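Below: the structure, in structure tokens.
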Amino acid sequence: MDKASIIGCLEEIAVLLELKGENPFKFRAYENGARALETLEENFETLIDEKRLTDVSGIGAALAEKIETLYKTGKLDYYDKLKASVPAGVLEMLEVPGLGAKKVRVFYEKLKITSLEELKEACEAGKIAELPGFGAKSQDNILSGINHLEAYRKRYMWATVEPQVEAVLTGLRALPEVELAECAGSFRRKLETVGDLDFLVASEAPEPVMDWFTRMPEVEKVTGHGTTKSSVRLEGGLQMDLRVVPKAQFFFALHHFTGSKEHNVKMRQRALSQGFSLSEWGVKAVHEDHPAPIQEVDSEEELFQLFGLHYIPPELREGVGEVDYASHDALPKLVKPEDIRGVFHNHTTASDGKNTLEAMVAEAERLGFEYLGIADHSKSSFQANGLSEEKLLEQLKAIRKLNASKQYKTHVFAGVECDILKDGSLDYEDAVLEELDYVVASVHNALTLDEAAMTRRIIRALEHPCTTMLGHLSGRLLLKREAYTVNIPKVIDAAIANKKIIELNASPKRLDMDWRYWHKAADRGLLCSINPDAHSIEQLKNYRYGVYCARKGWLQKCSVFNARPLKEVSAFLRG
Ligand code: DGT
Ligand code: CA
Ligand code: CA
Ligand code: ZN
């Protein structure tokens with residue numbers, strides 16, 4: 001562990017001790033130790049090597065021992081135990097501006113508050129103002145501090161930040177000092193939600209780049225401004241970091257800050273096993289007698305090659321085996337947006353869509369789709385203006401007529417998004433469903449069934465001969481509504497056994513079934529349909545977000561139903 005991390009650890013021990021109500025002498029010893037390390041005049045490593053830490057004023061024998069242990073092993077039992085003895089929520093309260101260990105301890109001891117939510121409730125109920133040493137004013141401050149924290153802590157849907165990222169990258173790349181610019185982090189890995197944005201620039205002249213970044217009109221607050229790193233917070237709370245490095249370091253830094261942390265751990269282990277240490281700065285030999293350090297790579301491909309690895313696309317860098325696969329040249333050839341030939345599960349004005357059937361088909365043709373599947377809501381979804389039998393059959397006729405007219409190059413499939421009723425039956429008689437080209441079966445009501453009942457319900461729908469595919473399996477709305485309780489592996493088993501497709505709902509709010517399940521399921525033969533769930537012509541393009549998640553789920557073209565040509569898709573739907 002390096003000096004800065006050790007200082008952080010000592011500071012945290014001091015806080016933990018104070019939280020626990022320990023003797024002030026005890027926690028001040030750690031505070032003083034941290035200060036002493038911070039203001040050290042001699043070289044820290046030398047002091048440790050020569051066992052002279054105790055010479056430093058403020059560091060006694062017991063503390064010196066702990067510092068040495070941290071330095072050598074990166075771990076400290078004492079710290080781990082101490083940390084485990086305090087509820088995580090109590091530590092979270094320390095992040096509220098103006099709250100220190102002393103105050104938090106009062107909440108903990110007097111009101112048994114162990115989380116931010118409980119603290120918020122106590123403020124709202126006026127209980128904090130009644131505590132000795134607090135008043136209405138400090139209670140208000142704490143409450144607004146919590147509200148800010150919640151706003152700034154929040155995550156964002158990937159698609160929400162995309163325009164922002166494009167704008168910043170365009171701006172950065174237009175600066176004459178900028179050689180290369182990328183957005184790394186979870187954004188580059190196409191994670192369904194992102195916490196903050198991590199920009200990276202290669203430049204020999206960081207100052208003007210940092211000046212541009214910190215002066216962007218959307219910036220609400222500059223939280224850091226340096227020559228290697230600056231940080232800003234935008235209106236609405238989104239945080240952005242910018243790091244500027246020399247070109248020679250760029251691809252190492254890009255790889256490091258793309259992450260994920262878990263991926264980086266695996267990469268560093270592999271590097272070490274080959275005698276190299278890999279970091280955001282570059283790569284160097286661990287031992288002097290090793291070949292000369294490698295100074296530069298011109299791409300991430302070359303970086304991976306250094307360690308005998310094939311290129312790992314950012315979407316796969318989640319530390320779930322990708323490094324192993326890359327070492328055996330066994331990574332999948334991932335599906336691409338261009339592979340998609342048509343889309344299913346789209347709504348029109350017949351139910352709750354914004355555009356007519358004709359408008360949707362015209363747009364599908366413009367986008368170059370070979371086919372378009374229309375699946376409006378079924379009759380039980382009255383809140384979404386679900387179709388009666390007559391309306392559905394009317395729409396079916398209109399679609400047949402449109403296809404026969406050859407007015408558009410895009411073929412239209414007539415389907416429905418059929419509600420899965422509480423008992424697992426479908427929302428229309430079989431005779432009606434059999435008229436259609438396909439059926440997307442989805443759960444829209446009775447969301448609070450217990451896991452066993454919900455799982456049985458969905459499996460029953462999958463066993464229905466008219467069901468083609470399962471819509472938005474978990475019902476989650478990202479950052480808004482949790483998935484309903486359902487046993488996903490069992491549902492996957494049933495889909496495979498009954499030769500049914502599972503949708504990857506590509507609405508940026510859903511991205512459901514979650515990418516984490518796809519790799520294993522597809523290996524076992526599950527077919528995926530990447531469906532935009534479009535309620536307007538603009539949303540037809542949302543299939544792109546589904547493709548990104550499909551890639552995170554290791555999906556290849558052959559596992560994606562709507563990457564197949566019209567002829568094959570028609571044959572599948574007929575059979
Ligand atoms: P986010 O922002 O929560 O959506 O997720 P990320 O992955 O963008 O995480 P962030 O912004 O904290 O850091 C960006 C990348 O930097 C992360 O994916 C890997 C790298 N990184 C950050 N902190 C560490 C660390 O402590 N250890 C390692 N190995 N890598 C780190
Ligand atoms: Ca990030
Ligand atoms: Ca970050
Ligand atoms: Zn739906």
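Going by the structure tokens order, chains are called A, B, ..., each with residues numbered from 1, while ligands are numbered from 1 in the order shown.
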Can you check which residues of stretch 88-273 of chain A DSSP gives as strand (DSSP E) on the backbone and send them as a PyMOL selection string?
chain A and resi 156-157+180-183+193-194+197-202+219-225+229-234+239-245
Find the residues of chain A that sit at most 7 Å from ligand 3; for each, write down the nearest two atoms and how far apart they are in Å, to one decimal. Count only C-alpha atoms and all ligand atoms. Sort by chain, then by number going up, and give it as a tab-separated table.
```
residue	atom	partner	partner_atom_place_in_ligand_line	distance
A:Gly185	CA	ligand 3	1 (Ca)	6.9
A:Asp196	CA	ligand 3	1 (Ca)	5.3
A:Leu197	CA	ligand 3	1 (Ca)	5.9
A:Asp198	CA	ligand 3	1 (Ca)	5.2
A:Asp241	CA	ligand 3	1 (Ca)	6.3
```
Go ahead and write the selection's residues with N, CA and C atoms as a compact mmCIF listing (two decimals), in the first residue's frame.
```txt
# COMPACT_ATOMS: atom_id res chain seq x y z
N GLY A 185 -14.33 4.54 -18.57
CA GLY A 185 -15.26 4.17 -17.51
C GLY A 185 -16.44 3.33 -17.97
N ASP A 196 -20.48 8.24 -13.07
CA ASP A 196 -19.89 9.50 -13.50
C ASP A 196 -19.16 9.25 -14.81
N LEU A 197 -18.67 10.31 -15.41
CA LEU A 197 -18.00 10.18 -16.71
C LEU A 197 -16.51 10.44 -16.54
N ASP A 198 -15.73 9.62 -17.22
CA ASP A 198 -14.27 9.67 -17.06
C ASP A 198 -13.64 9.97 -18.42
N ASP A 241 -14.96 13.76 -14.81
CA ASP A 241 -13.52 13.93 -14.57
C ASP A 241 -12.83 14.03 -15.92
```
Nearest to A:Ile312: which of A:Lys552, A:Gly575, A:Leu116, A:Arg233 is it, counting only C-alpha atoms?
A:Lys552
Choose the residue, out of A:Lys284, A:Val201, A:His347, A:Leu478, that has the smallest atom-to-atom separation from ligand 4; count only C-alpha atoms and all ligand atoms.
A:His347
Compute the set of protein, DNA and RNA residues whose minimum atom distance to ligand 1 is at most 12 Å, using only C-alpha atoms and all ligand atoms, and state it as an NGL selection string.
:A and (1 or 5 or 153-158 or 161 or 183-200 or 231 or 238-243 or 252-269 or 278-280 or 314-315 or 317-319)
At most 9 Å from ligand 4 (only C-alpha atoms and all ligand atoms): residue list as a ChimeraX atom specification:
/A:345,376-377,417-419,440-444,471-472,475,533
